[in-house]
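Read through the structure below, which is laid out as structure tokens, and then see the notes.
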Amino acid sequence: MKSQSRLLKEQILGLMLAWCMAALSAATEPTSSKAAPAADAKQQLMDLEKEWAAAEDKGDLAAIRRILDERFVATYGAKTYDREGFLQFFAGDVDPTASQTLTYDAVIIDGDTAVVVGTDTAHGTSEGAAYTVAYKYTATYTSPRAMATDSRAHRQGAASEVVTGGCLIATSALGL
Amino acid sequence: MKVKSTFGITLKQQIVGLTLACCIAASAAATEPTSSQAAPPADAKQQLMDLQEEWATAEDKHDLATLRRILDDRFVATFGAKTYDKDAFIGSFTGDIDPTRSQTLTYEAVIIDGDTAVLVGDDTERGTRQGVAFTKVGRYTVTYIRRHGQWLALAEQMIILPQGK
């Protein structure tokens with residue numbers, strides 16, 4: 001009985017060791033995946049882009065502030081703006097005819113990072129005259145800290161996490 | 001021979017216990033968030049700036065192997081209205097090398113968030129074209145990801161600035 005008990009203990013210890021080693025091995029895997037991003041993650045990201053564009057059109061500073069990381073930096077031509085500087089663009093009168101149409105050249109989702117490259121075609125009215133301006137842009141998103149507390153879930157669901165609570169950390173655009 | 005410790009625990013049990021403790025501690029550490037809100041470590045920033053220099057030098061010398069190593073396979077570059085994938089981008093550095101070509105990089109912003117980084121700055125390029133020296137300045141935004149301890153460029157957008165800016 002005593003030897004059986006010891007055997008059982010050793011078996012339990014062995015199983016625990018094996019579990020620990022497996023957990024450790026899984027935990028040290030790269031956080032990224034070369035697999036194609038989940039379609040829903042890509043869609044969520046595109047939805048977030050639309051939400052951002054709509055917030056700009058409506059001058060909804062609270063929504064823009066929520067989407068942009070505190071360290072957000074935007075580059076337009078020769079000028080670079082931080083988050084507060086960028087928000088000032090949308091603090092004045094709202095143009096009720098303003099709208100933006102987004103098309104995508106590339107959407108790359110890798111772990112907690114996403115890059116979107118596309119064209120933003122903006123329509124609106126300035127001084128009584130309708131205008132259309134197209135911008136080629138690159139936007140970089142990262143997932144927020146709170147979403148990354150569980151490393152395993154983080155890896156498995158990283159693609160959607162980018163978008164679900166994503167923060168935009170940088171964008172660069174050029175008028176075409 | 002069983003070696004007993006002062007508390008009557010066998011050496012084997014102590015080793016197993018220590019191993020378990022190490023495993024649990026390592027597992028706990030591995031489940032911590034990969035990123036940190038803290039200021040980026042100076043060495044990570046320096047690594048990225050060094051990599052940018054290496055990238056620029058590889059372009060100047062048409063060192064395609066180095067470019068291929070720095071750029072992620074899904075790399076996408078945007079210049080003006082055009083977008084290039086990794087192969088198309090690297091393909092633009094084949095042909096004759098301009099021995100006078102050089103690039104000077106400056107930095108407006110270096111944002112590091114865990115394994116994601118964005119660098120914004122100016123790239124002043126000098127060289128000779130058809131016997132005439134030229135200088136042009138581009139504002140770049142580059143996104144990097146860190147995988148297996150190695151930073152890889154995932155995207156770049158370059159905007160050529162008008163002269164005098």
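Letters A, B, ... go to the chains of the structure tokens in the order shown; residues in each chain start at 1; ligands are counted from 1 in the same order.
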(request) Excluding Thr100 of chain B and residues on its chain fewer than 2 positions from it, collect all residues at most 7 Å away from it, counting only C-alpha atoms, and give them as a list in words. (result)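 Result of the neighbour search: Asp98, Ser102, Gly127 and Thr128 of chain B.
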Selection export as a PDB file, in the first residue's frame, atoms kept: C-alpha atoms:
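Writing done, so here's part.pdb:
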ATOM      1  CA  ASP B  98      25.475  54.975 -56.825  1.00  0.00           C
ATOM      2  CA  SER B 102      23.783  58.210 -48.580  1.00  0.00           C
ATOM      3  CA  GLY B 127      23.291  60.924 -54.433  1.00  0.00           C
ATOM      4  CA  THR B 128      24.162  61.585 -58.030  1.00  0.00           C
TER       5      THR B 128
END
Could you list, as a compact mmCIF listing (two decimals) with C-alpha atoms, in the first residue's frame, every residue within 6 Å of segment 93-110 of chain A, counting only C-alpha atoms and ignoring same-chain residues fewer than 6 positions away?
# COMPACT_ATOMS: atom_id res chain seq x y z
CA SER A 32 2.38 36.00 -33.76
CA PRO A 37 -6.18 36.72 -39.97
CA ASP A 57 -17.23 63.67 -40.09
CA VAL A 116 -4.04 48.95 -42.66
CA VAL A 117 -3.06 50.54 -45.98
CA GLY A 118 -5.76 52.08 -48.09
CA THR A 119 -7.31 55.09 -49.74
CA ASP A 120 -9.63 57.51 -47.98
CA THR A 121 -11.81 59.48 -50.36
CA ALA A 122 -13.33 62.45 -48.55
CA HIS A 123 -16.31 64.40 -49.85
CA GLY A 124 -17.67 67.61 -48.42
(message) Would you compute the distance between atom CA of Thr116 of chain B and atom CA of Trp151 of chain B? Give it in Å to one decimal.
(response)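 Atom-to-atom, atom CA of Thr116 of chain B and atom CA of Trp151 of chain B are spaced 8.8 Å apart.
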(request) For segment 88-90 of chain B, list every protein, DNA or RNA residue within 9 Å, evaluated using only C-alpha atoms, and leave out those in the same chain fewer than 5 positions away; present the list as a count of residues only. (result) 8
(request) Apply DSSP to the structure's backbone, then extract all residues of segment 32-162 of chain A labelled strand (DSSP E) and return them as JSON, numbers by chain. (result) {"A": [68, 69, 70, 71, 72, 73, 74, 75, 76, 79, 80, 81, 82, 99, 100, 101, 102, 103, 104, 105, 106, 107, 108, 109, 110, 113, 114, 115, 116, 117, 118, 119, 120, 121, 122, 123, 124, 125, 126, 129, 130, 131, 132, 133, 134, 135, 136, 137, 138, 139, 140, 141, 142]}
(request) Identify which of the residues A:Met46, A:Ala55, A:Ala139, A:Ala62 lies closest to chain B, counting only C-alpha atoms when measuring atom-to-atom distances. (result) A:Ala139
(message) Report, in Å to a single decimal, how far apart atom CA of Thr78 of chain B and atom CA of Ala117 of chain B are.
(response)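 Taking atom CA of Ala117 of chain B and atom CA of Thr78 of chain B, their separation equals 17.7 Å.
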(message) Which residue is closest to chain B? Choose from A:Asp40, A:Glu56, A:Glu51, A:Asp69 and count only C-alpha atoms.
(response)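 Selected residue with least distance to chain B: A:Asp69.
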(message) Residues of segment 43-164 of chain A classed as alpha helix (DSSP H) by DSSP on the backbone are to be reported as an MDAnalysis selection string.
(response) chainID A and resid 43:58 61:67 83:87 151:156 158:164
Write to file, as a compact mmCIF listing (two decimals), in the first residue's frame, the residues of the selection just made, with C-alpha atoms.
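And here is the file that came out, out.txt:
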# COMPACT_ATOMS: atom_id res chain seq x y z
CA GLN A 43 -14.10 42.96 -40.50
CA GLN A 44 -13.95 44.38 -36.97
CA LEU A 45 -10.89 46.37 -37.93
CA MET A 46 -12.62 47.75 -41.02
CA ASP A 47 -15.67 48.58 -38.91
CA LEU A 48 -13.41 50.47 -36.50
CA GLU A 49 -11.98 52.42 -39.41
CA LYS A 50 -15.50 53.35 -40.50
CA GLU A 51 -16.35 54.38 -36.95
CA TRP A 52 -13.25 56.57 -36.88
CA ALA A 53 -14.16 58.18 -40.22
CA ALA A 54 -17.77 58.78 -39.09
CA ALA A 55 -16.51 60.30 -35.83
CA GLU A 56 -14.34 62.70 -37.81
CA ASP A 57 -17.23 63.67 -40.09
CA LYS A 58 -19.51 64.34 -37.10
CA LEU A 61 -14.18 64.12 -30.35
CA ALA A 62 -15.04 61.62 -27.59
CA ALA A 63 -15.25 58.78 -30.09
CA ILE A 64 -12.01 59.82 -31.80
CA ARG A 65 -10.28 60.12 -28.42
CA ARG A 66 -11.41 56.59 -27.53
CA ILE A 67 -10.01 55.14 -30.74
CA ARG A 83 -3.38 63.16 -30.49
CA GLU A 84 -4.49 66.54 -29.18
CA GLY A 85 -3.17 68.30 -32.26
CA PHE A 86 -4.99 65.83 -34.47
CA LEU A 87 -8.28 66.26 -32.55
CA SER A 151 -1.09 35.27 -22.65
CA ARG A 152 -2.66 32.08 -23.97
CA ALA A 153 -6.00 33.61 -24.81
CA HIS A 154 -4.07 36.56 -26.15
CA ARG A 155 -2.31 34.37 -28.67
CA GLN A 156 -5.38 32.42 -29.66
CA ALA A 158 -5.05 38.03 -30.83
CA ALA A 159 -6.49 38.96 -34.17
CA SER A 160 -9.85 39.93 -32.76
CA GLU A 161 -8.27 41.61 -29.75
CA VAL A 162 -6.50 44.01 -32.03
CA VAL A 163 -9.84 45.27 -33.12
CA THR A 164 -12.17 44.71 -30.20
